[in-house]
Structures are given as C-alpha cells and as structure tokens.
$ cat structure11.cif   # mmCIF, C-alpha atoms
data_protein
#
loop_
_atom_site.group_PDB
_atom_site.id
_atom_site.type_symbol
_atom_site.label_atom_id
_atom_site.label_comp_id
_atom_site.auth_asym_id
_atom_site.auth_seq_id
_atom_site.Cartn_x
_atom_site.Cartn_y
_atom_site.Cartn_z
ATOM 1 C CA MET A 1 99.207 97.292 64.617
ATOM 2 C CA SER A 2 95.572 97.400 65.716
ATOM 3 C CA GLU A 3 94.083 99.066 68.765
ATOM 4 C CA ASN A 4 91.002 98.334 70.806
ATOM 5 C CA VAL A 5 89.436 101.133 72.791
ATOM 6 C CA THR A 6 86.843 99.845 75.240
ATOM 7 C CA ALA A 7 83.796 101.817 76.336
ATOM 8 C CA SER A 8 85.673 102.839 79.468
ATOM 9 C CA GLY A 9 88.500 104.248 77.404
ATOM 10 C CA VAL A 10 91.100 101.559 77.993
ATOM 11 C CA CYS A 11 93.295 101.524 74.953
ATOM 12 C CA ARG A 12 94.769 98.129 74.181
ATOM 13 C CA ARG A 13 97.043 97.065 71.424
ATOM 14 C CA ARG A 14 96.826 93.583 70.022
ATOM 15 C CA SER A 15 100.198 91.918 70.401
ATOM 16 C CA THR A 16 100.088 90.042 67.117
ATOM 17 C CA LEU A 17 101.225 92.116 64.188
ATOM 18 C CA ARG A 18 99.239 92.381 60.979
ATOM 19 C CA HIS A 19 99.093 89.096 59.114
ATOM 20 C CA VAL A 20 99.661 88.438 55.469
ATOM 21 C CA GLU A 21 97.271 85.510 55.741
ATOM 22 C CA THR A 22 94.516 85.216 58.307
ATOM 23 C CA ASP A 23 94.441 82.285 60.697
ATOM 24 C CA ALA A 24 91.367 80.959 58.900
ATOM 25 C CA GLU A 25 93.210 80.912 55.582
ATOM 26 C CA LEU A 26 96.229 79.192 57.089
ATOM 27 C CA LEU A 27 93.978 76.739 58.869
ATOM 28 C CA GLY A 28 92.521 75.585 55.575
ATOM 29 C CA ARG A 29 96.017 74.946 54.269
ATOM 30 C CA LEU A 30 97.055 73.161 57.449
ATOM 31 C CA GLN A 31 94.017 70.903 57.208
ATOM 32 C CA SER A 32 95.365 69.771 53.835
ATOM 33 C CA GLY A 33 98.737 68.973 55.437
ATOM 34 C CA ASP A 34 100.653 72.055 54.253
ATOM 35 C CA GLU A 35 103.850 72.292 56.292
ATOM 36 C CA GLN A 36 104.465 75.932 55.377
ATOM 37 C CA ALA A 37 101.144 76.777 56.974
ATOM 38 C CA PHE A 38 102.316 74.922 60.081
ATOM 39 C CA ALA A 39 105.582 76.901 60.075
ATOM 40 C CA MET A 40 103.588 80.150 59.835
ATOM 41 C CA PHE A 41 101.513 79.147 62.861
ATOM 42 C CA VAL A 42 104.705 78.361 64.769
ATOM 43 C CA LYS A 43 106.125 81.798 63.929
ATOM 44 C CA ARG A 44 102.892 83.395 65.031
ATOM 45 C CA TYR A 45 102.098 81.514 68.217
ATOM 46 C CA GLN A 46 105.156 79.688 69.541
ATOM 47 C CA MET A 47 106.412 82.591 71.673
ATOM 48 C CA PRO A 48 103.012 83.716 73.010
ATOM 49 C CA MET A 49 102.348 80.079 73.993
ATOM 50 C CA LEU A 50 105.759 79.655 75.575
ATOM 51 C CA ARG A 51 105.280 82.887 77.489
ATOM 52 C CA LEU A 52 101.899 81.708 78.800
ATOM 53 C CA ALA A 53 103.277 78.279 79.727
ATOM 54 C CA CYS A 54 106.243 79.885 81.526
ATOM 55 C CA SER A 55 103.806 82.037 83.476
ATOM 56 C CA MET A 56 102.139 78.870 84.758
ATOM 57 C CA VAL A 57 105.138 76.699 85.651
ATOM 58 C CA SER A 58 108.526 77.724 86.906
ATOM 59 C CA ASP A 59 110.348 74.937 85.074
ATOM 60 C CA GLN A 60 111.185 76.107 81.526
ATOM 61 C CA ALA A 61 111.583 72.508 80.312
ATOM 62 C CA VAL A 62 108.055 71.626 81.479
ATOM 63 C CA ALA A 63 106.747 74.744 79.717
ATOM 64 C CA GLU A 64 108.513 73.876 76.462
ATOM 65 C CA GLU A 65 107.231 70.306 76.595
ATOM 66 C CA ALA A 66 103.663 71.537 77.127
ATOM 67 C CA VAL A 67 103.986 73.829 74.101
ATOM 68 C CA GLN A 68 105.309 70.997 71.967
ATOM 69 C CA ASP A 69 102.468 68.744 73.178
ATOM 70 C CA THR A 70 100.071 71.502 72.168
ATOM 71 C CA TRP A 71 101.391 71.470 68.605
ATOM 72 C CA ILE A 72 100.915 67.686 68.513
ATOM 73 C CA GLY A 73 97.364 68.235 69.788
ATOM 74 C CA VAL A 74 96.812 70.774 67.023
ATOM 75 C CA VAL A 75 98.067 68.454 64.292
ATOM 76 C CA ARG A 76 96.013 65.531 65.579
ATOM 77 C CA GLY A 77 92.884 67.579 66.278
ATOM 78 C CA ILE A 78 92.934 69.969 63.347
ATOM 79 C CA ASP A 79 90.122 68.168 61.514
ATOM 80 C CA ARG A 80 87.917 68.419 64.583
ATOM 81 C CA PHE A 81 88.435 72.181 65.029
ATOM 82 C CA GLU A 82 85.073 73.707 64.171
ATOM 83 C CA GLY A 83 86.014 77.360 64.457
ATOM 84 C CA ARG A 84 83.555 78.124 67.247
ATOM 85 C CA SER A 85 86.361 79.967 69.046
ATOM 86 C CA SER A 86 89.288 81.790 67.499
ATOM 87 C CA LEU A 87 92.298 79.653 66.687
ATOM 88 C CA LYS A 88 94.311 81.550 69.286
ATOM 89 C CA THR A 89 91.761 80.760 71.999
ATOM 90 C CA TRP A 90 91.734 77.111 70.921
ATOM 91 C CA LEU A 91 95.550 76.896 71.019
ATOM 92 C CA PHE A 92 95.733 78.535 74.438
ATOM 93 C CA SER A 93 92.996 76.207 75.753
ATOM 94 C CA ILE A 94 94.915 73.118 74.646
ATOM 95 C CA LEU A 95 98.086 74.558 76.136
ATOM 96 C CA VAL A 96 96.494 75.333 79.496
ATOM 97 C CA ASN A 97 95.154 71.783 79.695
ATOM 98 C CA ARG A 98 98.591 70.382 78.918
ATOM 99 C CA VAL A 99 100.273 72.566 81.526
ATOM 100 C CA ARG A 100 97.648 71.735 84.111
ATOM 101 C CA SER A 101 98.063 68.042 83.515
ATOM 102 C CA ALA A 102 101.715 68.615 84.309
ATOM 103 C CA ARG A 103 101.140 70.467 87.514
ATOM 104 C CA ALA A 104 97.593 69.415 88.571
ATOM 105 C CA LEU A 105 96.398 72.645 90.217
ATOM 106 C CA GLU A 106 93.013 73.270 91.730
ATOM 107 C CA HIS A 107 91.489 76.161 89.756
ATOM 108 C CA GLN A 108 87.841 76.195 90.641
ATOM 109 C CA ARG A 109 87.782 77.255 94.249
ATOM 110 C CA ARG A 110 86.221 80.632 94.830
ATOM 111 C CA LEU A 111 88.784 83.332 95.509
ATOM 112 C CA PRO A 112 88.579 85.412 98.645
ATOM 113 C CA ARG A 113 88.366 89.143 98.049
ATOM 114 C CA LYS A 114 91.507 90.775 99.394
ATOM 115 C CA PRO A 115 92.522 94.432 99.108
ATOM 116 C CA SER A 116 94.475 95.242 95.949
ATOM 117 C CA VAL A 117 96.256 98.180 97.596
ATOM 118 C CA ASP A 118 98.123 98.002 100.902
ATOM 119 C CA PRO A 119 95.623 99.090 103.613
ATOM 120 C CA ASP A 120 98.404 101.201 105.172
ATOM 121 C CA ARG A 121 98.078 103.583 102.225
ATOM 122 C CA PHE A 122 94.715 104.721 103.660
ATOM 123 C CA ASP A 123 93.903 106.675 106.803
ATOM 124 C CA ALA A 124 91.466 105.555 109.495
ATOM 125 C CA SER A 125 88.543 107.032 107.557
ATOM 126 C CA GLY A 126 89.335 104.912 104.467
ATOM 127 C CA HIS A 127 90.706 107.727 102.300
ATOM 128 C CA TRP A 128 94.208 108.040 100.850
ATOM 129 C CA ALA A 129 96.738 108.917 103.554
ATOM 130 C CA GLU A 130 99.090 110.505 100.990
ATOM 131 C CA PRO A 131 98.098 112.096 97.674
ATOM 132 C CA VAL A 132 98.211 109.869 94.582
ATOM 133 C CA GLU A 133 100.376 111.720 92.092
ATOM 134 C CA SER A 134 99.286 112.072 88.505
ATOM 135 C CA TRP A 135 101.448 110.225 86.004
ATOM 136 C CA ASP A 136 101.453 113.061 83.649
ATOM 137 C CA ASP A 137 100.758 111.586 80.219
ATOM 138 C CA ALA A 138 103.628 113.634 78.883
ATOM 139 C CA LEU A 139 105.932 111.836 81.322
ATOM 140 C CA ALA A 140 104.753 108.455 80.031
ATOM 141 C CA GLU A 141 105.270 109.656 76.459
ATOM 142 C CA ARG A 142 108.718 111.093 77.169
ATOM 143 C CA MET A 143 109.980 107.914 78.773
ATOM 144 C CA ASP A 144 111.465 105.563 76.268
ATOM 145 C CA ALA A 145 108.835 102.800 76.113
ATOM 146 C CA SER A 146 111.492 100.176 75.399
ATOM 147 C CA ALA A 147 113.254 101.162 78.634
ATOM 148 C CA LEU A 148 110.058 100.345 80.520
ATOM 149 C CA MET A 149 109.700 96.877 79.016
ATOM 150 C CA PRO A 150 112.281 95.125 81.236
ATOM 151 C CA VAL A 151 110.604 96.728 84.263
ATOM 152 C CA LEU A 152 107.220 95.451 83.106
ATOM 153 C CA TRP A 153 108.532 91.973 82.375
ATOM 154 C CA GLY A 154 110.100 91.883 85.829
ATOM 155 C CA ALA A 155 106.844 93.079 87.374
ATOM 156 C CA LEU A 156 104.805 90.535 85.425
ATOM 157 C CA ASN A 157 107.114 87.705 86.413
ATOM 158 C CA GLY A 158 106.842 88.828 90.027
ATOM 159 C CA LEU A 159 103.037 88.457 90.088
ATOM 160 C CA PRO A 160 101.496 85.317 91.603
ATOM 161 C CA PRO A 161 101.019 82.744 88.786
ATOM 162 C CA ARG A 162 97.244 83.017 88.420
ATOM 163 C CA GLN A 163 97.325 86.814 88.229
ATOM 164 C CA ARG A 164 100.167 86.577 85.715
ATOM 165 C CA GLU A 165 98.179 84.175 83.492
ATOM 166 C CA ILE A 166 95.184 86.498 83.391
ATOM 167 C CA VAL A 167 97.195 89.677 82.758
ATOM 168 C CA LEU A 168 99.052 87.894 79.953
ATOM 169 C CA LEU A 169 95.879 86.676 78.287
ATOM 170 C CA ARG A 170 93.863 89.875 78.730
ATOM 171 C CA ASP A 171 96.326 92.742 78.532
ATOM 172 C CA VAL A 172 99.276 91.307 76.602
ATOM 173 C CA GLU A 173 97.485 88.922 74.214
ATOM 174 C CA GLY A 174 94.297 90.980 74.017
ATOM 175 C CA LEU A 175 91.795 88.175 74.697
ATOM 176 C CA SER A 176 88.301 89.170 75.826
ATOM 177 C CA SER A 177 87.089 88.311 79.312
ATOM 178 C CA ASP A 178 85.003 85.410 77.947
ATOM 179 C CA GLU A 179 87.900 84.044 75.915
ATOM 180 C CA ALA A 180 90.284 84.217 78.883
ATOM 181 C CA CYS A 181 87.717 82.424 81.086
ATOM 182 C CA ASP A 182 87.336 79.715 78.424
ATOM 183 C CA VAL A 183 91.080 79.254 78.114
ATOM 184 C CA LEU A 184 91.675 78.965 81.852
ATOM 185 C CA GLY A 185 88.358 77.347 82.768
ATOM 186 C CA ILE A 186 87.656 79.886 85.504
ATOM 187 C CA ARG A 187 84.597 81.878 86.510
ATOM 188 C CA ALA A 188 84.117 85.431 85.278
ATOM 189 C CA GLY A 189 84.075 86.768 88.855
ATOM 190 C CA ASN A 190 87.394 85.112 89.684
ATOM 191 C CA GLN A 191 88.847 86.353 86.411
ATOM 192 C CA ARG A 192 88.007 89.935 87.347
ATOM 193 C CA ILE A 193 89.434 89.547 90.858
ATOM 194 C CA LEU A 194 92.714 88.174 89.475
ATOM 195 C CA LEU A 195 92.894 90.831 86.773
ATOM 196 C CA HIS A 196 92.217 93.566 89.329
ATOM 197 C CA ARG A 197 95.007 92.366 91.614
ATOM 198 C CA GLY A 198 97.392 91.743 88.745
ATOM 199 C CA ARG A 199 96.948 95.206 87.263
ATOM 200 C CA ALA A 200 97.249 96.783 90.715
ATOM 201 C CA GLY A 201 100.514 94.872 91.219
ATOM 202 C CA LEU A 202 101.944 96.104 87.927
ATOM 203 C CA ARG A 203 100.798 99.662 88.667
ATOM 204 C CA GLU A 204 102.634 99.561 91.990
ATOM 205 C CA ILE A 205 105.930 98.630 90.300
ATOM 206 C CA LEU A 206 105.424 101.258 87.588
ATOM 207 C CA ALA A 207 104.657 103.867 90.260
ATOM 208 C CA SER A 208 108.080 103.261 91.840
ATOM 209 C CA GLU A 209 109.652 103.549 88.388
ATOM 210 C CA MET A 210 107.815 106.803 87.631
ATOM 211 C CA LYS A 211 109.174 108.289 90.861
ATOM 212 C CA LYS A 212 112.715 107.557 89.651
ATOM 213 C CA ALA A 213 112.119 109.363 86.343
ATOM 214 C CA MET B 1 88.980 117.342 101.602
ATOM 215 C CA LEU B 2 85.994 115.281 100.528
ATOM 216 C CA SER B 3 82.592 116.207 101.818
ATOM 217 C CA LEU B 4 80.930 112.912 102.611
ATOM 218 C CA ARG B 5 77.309 112.171 101.942
ATOM 219 C CA ARG B 6 75.628 109.177 103.496
ATOM 220 C CA ARG B 7 76.139 106.803 100.573
ATOM 221 C CA ASP B 8 79.427 108.200 99.329
ATOM 222 C CA LEU B 9 82.211 105.702 98.725
ATOM 223 C CA LEU B 10 85.459 105.701 100.645
ATOM 224 C CA CYS B 11 88.628 105.771 98.521
ATOM 225 C CA GLN B 12 89.468 102.290 99.763
ATOM 226 C CA GLN B 13 86.106 101.036 98.477
ATOM 227 C CA ALA B 14 86.268 103.011 95.243
ATOM 228 C CA ILE B 15 89.583 101.574 94.037
ATOM 229 C CA GLU B 16 88.321 98.010 94.508
ATOM 230 C CA LEU B 17 85.563 98.750 91.971
ATOM 231 C CA LEU B 18 87.823 100.060 89.227
ATOM 232 C CA THR B 19 88.388 96.832 87.285
ATOM 233 C CA GLU B 20 84.665 96.061 87.366
ATOM 234 C CA TYR B 21 84.146 99.629 86.144
ATOM 235 C CA LEU B 22 86.632 99.293 83.273
ATOM 236 C CA GLU B 23 85.047 95.940 82.383
ATOM 237 C CA GLY B 24 81.600 97.592 82.246
ATOM 238 C CA ASN B 25 80.411 95.250 84.949
ATOM 239 C CA LEU B 26 78.980 97.610 87.571
ATOM 240 C CA SER B 27 75.269 98.125 88.078
ATOM 241 C CA ARG B 28 73.951 101.564 87.109
ATOM 242 C CA GLY B 29 73.763 102.577 90.758
ATOM 243 C CA GLN B 30 77.306 101.437 91.551
ATOM 244 C CA LYS B 31 78.616 103.162 88.443
ATOM 245 C CA ARG B 32 76.902 106.408 89.411
ATOM 246 C CA ARG B 33 78.318 106.286 92.956
ATOM 247 C CA LEU B 34 81.806 105.522 91.680
ATOM 248 C CA GLU B 35 81.736 108.258 89.063
ATOM 249 C CA ARG B 36 80.505 110.740 91.662
ATOM 250 C CA HIS B 37 83.415 109.755 93.880
ATOM 251 C CA LEU B 38 85.917 110.012 91.007
ATOM 252 C CA LEU B 39 84.703 113.509 90.144
ATOM 253 C CA ALA B 40 85.238 114.644 93.721
ATOM 254 C CA CYS B 41 88.492 112.761 94.406
ATOM 255 C CA PRO B 42 91.650 113.623 92.449
ATOM 256 C CA ASN B 43 93.582 110.813 94.172
ATOM 257 C CA CYS B 44 91.241 108.079 92.981
ATOM 258 C CA SER B 45 90.912 109.593 89.509
ATOM 259 C CA ASN B 46 94.726 109.717 89.295
ATOM 260 C CA TYR B 47 94.807 106.088 90.427
ATOM 261 C CA LEU B 48 92.312 105.129 87.712
ATOM 262 C CA GLU B 49 94.409 106.966 85.125
ATOM 263 C CA GLN B 50 97.495 105.081 86.340
ATOM 264 C CA ILE B 51 95.683 101.768 85.891
ATOM 265 C CA ARG B 52 94.723 102.795 82.337
ATOM 266 C CA ILE B 53 98.343 103.694 81.562
ATOM 267 C CA THR B 54 99.474 100.372 83.073
ATOM 268 C CA VAL B 55 97.054 98.461 80.819
ATOM 269 C CA ARG B 56 98.216 100.430 77.777
ATOM 270 C CA LEU B 57 101.907 99.815 78.498
ATOM 271 C CA THR B 58 101.278 96.130 79.215
ATOM 272 C CA GLY B 59 99.559 95.852 75.831
ATOM 273 C CA ALA B 60 102.731 97.170 74.193
ATOM 274 C CA MET B 61 104.914 94.345 75.535
ATOM 275 C CA GLU B 62 106.470 92.567 72.595
ATOM 276 C CA ALA B 63 106.870 88.820 72.253
ATOM 277 C CA GLU B 64 110.471 87.713 72.507
ATOM 278 C CA GLU B 65 112.181 86.498 69.376
ATOM 279 C CA LEU B 66 111.833 82.854 68.433
ATOM 280 C CA ALA B 67 114.971 80.854 69.140
ATOM 281 C CA PRO B 68 116.997 80.279 65.959
ATOM 282 C CA GLY B 69 116.067 76.956 64.392
ATOM 283 C CA ALA B 70 112.816 76.638 66.378
ATOM 284 C CA VAL B 71 110.601 76.815 63.292
ATOM 285 C CA ASP B 72 112.729 74.250 61.416
ATOM 286 C CA ASP B 73 112.846 71.885 64.405
ATOM 287 C CA LEU B 74 109.086 72.025 64.898
ATOM 288 C CA THR B 75 108.391 71.682 61.180
ATOM 289 C CA GLU B 76 110.550 68.552 61.158
ATOM 290 C CA LEU B 77 108.486 67.193 64.056
ATOM 291 C CA TYR B 78 105.326 68.200 62.182
ATOM 292 C CA ARG B 79 106.307 66.054 59.199
ATOM 293 C CA ARG B 80 106.732 63.091 61.534
ATOM 294 C CA TRP B 81 103.397 63.676 63.323
ATOM 295 C CA ARG B 82 101.574 64.205 60.036
ATOM 296 C CA ASP B 83 103.003 61.082 58.467
ATOM 297 C CA GLU B 84 102.196 58.963 61.550
ATOM 298 C CA ASP B 85 98.478 59.700 61.056
#

$ encode --input "structure11.cif" --output "structure tokens"
Amino acid sequence: MSENVTASGVCRRRSTLRHVETDAELLGRLQSGDEQAFAMFVKRYQMPMLRLACSMVSDQAVAEEAVQDTWIGVVRGIDRFEGRSSLKTWLFSILVNRVRSARALEHQRRLPRKPSVDPDRFDASGHWAEPVESWDDALAERMDASALMPVLWGALNGLPPRQREIVLLRDVEGLSSDEACDVLGIRAGNQRILLHRGRAGLREILASEMKKA
Amino acid sequence: MLSLRRRDLLCQQAIELLTEYLEGNLSRGQKRRLERHLLACPNCSNYLEQIRITVRLTGAMEAEELAPGAVDDLTELYRRWRDED
C-alpha cells in the first residue's frame, strides 16, 4: 500500500495494491501478444473501470459494454500507445470516450459556481449559525473503517454523476488533477469545482454518520 | 466570536476556497487571508479537518471483487481479438 501526502497535508492512499510486475513490464509482454499479461491487466483494471463506467451511466449493461469495448480498444491500439501518459490514464481515457459515445453528454460548458454548503447553515453575517464539531481523529480511528465503507459507497452513488466521476478518479483512484482532466476532457477550473462539491457532499453524509457514533 | 477586519473572510467565503487551498491553487494573498481566517475560526478549521478525513476515507475504498469467471471470459475474447488482427 502506498500513500501520497500532498503539500496541504491531504493523505491519500493509492487504490491499486503493490504489483509484482509494473504496468510497463506487462505492457511489453502484451505488445508481443501474451495473454497472461492481458489477464493480469484485467485483474488490475477491470473493476476500477467498471466502477468508473457505472458512475457515468445508470445502466449496468451499458457500463459493462463500454468496459469491454475499452479492452478491444486496448488490444487494437496497444502498438500505438507511446507511454506519454500512464497506462491507467490511457485506459480511463478510452473508457470515458466509449461511455460518452453511448450517452452523448455535453461536458465543456462552464459550470456555475454554487455554494457547496447549504446557505441555511450560516447566519446573516455569513458565519456558521451552529458550531462545526470536531471529528476527533480518535473517533475516526475507533470506528471500524469497513463499517464506514457501505456508507461511503452509498454517499458516492448519491452524488451527481459528474461529481462522482471526479471523486472516483481523484480520491479513489488517486489520479492527479491533470490526469483526471485529461481522462474526462474537462477544464482544470471545472474539475476543482466538481471535486469541491463532491467532497462536500461526502463530508455531509459522513457528518450525519459521525453524529450516530 | 470573530473580530472582523476589513478584508477578513466570512466563513461562507472561506469554505468555498478550501479545495483550491488543498490543491495549492490559491494566490499568495488568498492563501494568507484564508489561513488567517482558519487560525481565528475553529468552525472552519474543523470543517477543513473533516474534508481531509473525508478524502482519506474515500482513498481507502476498496475495489469490489471481480466476478468469478470474468478474467477467463475476457481472456477468451482477447484470443479472438488478437487472432482477428
């Protein structure tokens, strides 16, 4: 398990576990038509891709078809992959294109800035109407993390699709801002707006859960 | 109670800057104003801490298990795709 700690102190765990072979090594084998290398890629990326596809379309069958089309795209395009992006970013980019072809969504319009927290939580002067309680770190540690996972999955699935896509790519899959923008073909400003709202949405659900603890 | 100076941020403004802050995307002036607000405001600093915990927990979400047979089915398809080319 590897961890990234950003300059601002956000600690993020990469969701892929440590690999016996790197993607680059497997890629070389796949380029020579090695089916075991293909099977390894499937084990590594099938579920993250399916999860991303399901975040973009509500129909599971459409999501599965897009993932399968992505694998065909990989097999057919493997000789053209130049390694300018990571393999994961390349796979996700193909997938997003496949899903978009299936649902034809407009993704380039500029997003309006809307508040990420209900304005009723603030008083007339713009400050918090009620205190924001600390989630004591000890509380987070004491709670069984696996018990929180269904809550988080529910919260993630409840986000609007575009926020869900960004949170999945950034915070679950650990892509950088640039990589996530490349995958989804969106502007950096819009990416940050969606990420901001998505994280605020998840925090809201977790806050209710923390109150129950 | 916060003592407000002329260019101090309101809580409602401060929380909308937090993702830009975590992304390292604020100008030096904005960052200074936000950090000054966070130092003076336990509510907003608690909120920021909650966002950090949310990000950390989200990063711990595990991928679901592959369906049984999925690797074999796709490898079978792979052989067909490979041999078509």

$ resolve_selection --input "structure11.cif" --expression "the PyMOL selection byres ((chain B and resi 65) around 12)" --output "VMD selection string"
(chain A and resid 42 to 48 50 to 51) or (chain B and resid 62 to 64 66 to 71)

$ residues_around --input "structure11.cif" --residues "range 73-75 of chain B" --least-positions-apart "2" --cutoff "9 Å" --atoms "only C-alpha atoms" --output "PDB file with C-alpha atoms, keeping the file's coordinate frame"
ATOM      1  CA  GLU A  35     103.850  72.292  56.292  1.00  0.00           C
ATOM      2  CA  GLN A  36     104.465  75.932  55.377  1.00  0.00           C
ATOM      3  CA  PHE A  38     102.316  74.922  60.081  1.00  0.00           C
ATOM      4  CA  ALA A  39     105.582  76.901  60.075  1.00  0.00           C
ATOM      5  CA  VAL A  42     104.705  78.361  64.769  1.00  0.00           C
ATOM      6  CA  GLN A  68     105.309  70.997  71.967  1.00  0.00           C
ATOM      7  CA  TRP A  71     101.391  71.470  68.605  1.00  0.00           C
TER       8      TRP A  71
ATOM      9  CA  GLY B  69     116.067  76.956  64.392  1.00  0.00           C
ATOM     10  CA  ALA B  70     112.816  76.638  66.378  1.00  0.00           C
ATOM     11  CA  VAL B  71     110.601  76.815  63.292  1.00  0.00           C
ATOM     12  CA  LEU B  77     108.486  67.193  64.056  1.00  0.00           C
ATOM     13  CA  TYR B  78     105.326  68.200  62.182  1.00  0.00           C
ATOM     14  CA  ARG B  79     106.307  66.054  59.199  1.00  0.00           C
ATOM     15  CA  ARG B  80     106.732  63.091  61.534  1.00  0.00           C
TER      16      ARG B  80
END

$ resolve_selection --input "structure11.cif" --expression "the PyMOL selection byres ((chain B) within 6 of (chain A))" --output "PyMOL selection string"
chain B and resi 10-12+19+22+43+46+52+54+56+58-59+71

$ atom_distance --input "structure11.cif" --atom1 "CA of Asp8 in chain B" --atom2 "CA of Lys31 in chain B"
12.0 Å

$ atom_distance --input "structure11.cif" --atom1 "CA of Ser86 in chain A" --atom2 "CA of Met56 in chain A"
21.7 Å

$ atom_distance --input "structure11.cif" --atom1 "CA of Ala24 in chain A" --atom2 "CA of Val99 in chain A"
25.7 Å

$ closest_residue --input "structure11.cif" --among "A:Gln191, A:Thr22, A:Asn157, A:Ser101" --to "Val62 in chain A" --atoms "only C-alpha atoms"
A:Ser101

$ residues_near_point --input "structure11.cif" --point "(95.4, 81.9, 71.6)" --cutoff "10 Å" --atoms "all atoms listed in the file" --output "count of residues only"
22

$ residues_near_point --input "structure11.cif" --point "(90.0, 110.8, 92.1)" --cutoff "10 Å" --atoms "only C-alpha atoms" --output "list in words"
Pro131 and Val132 of chain A; Cys11, Ala14, Ile15, Leu34, Glu35, Arg36, His37, Leu38, Leu39, Ala40, Cys41, Pro42, Asn43, Cys44, Ser45, Asn46, Tyr47, Leu48 and Glu49 of chain B
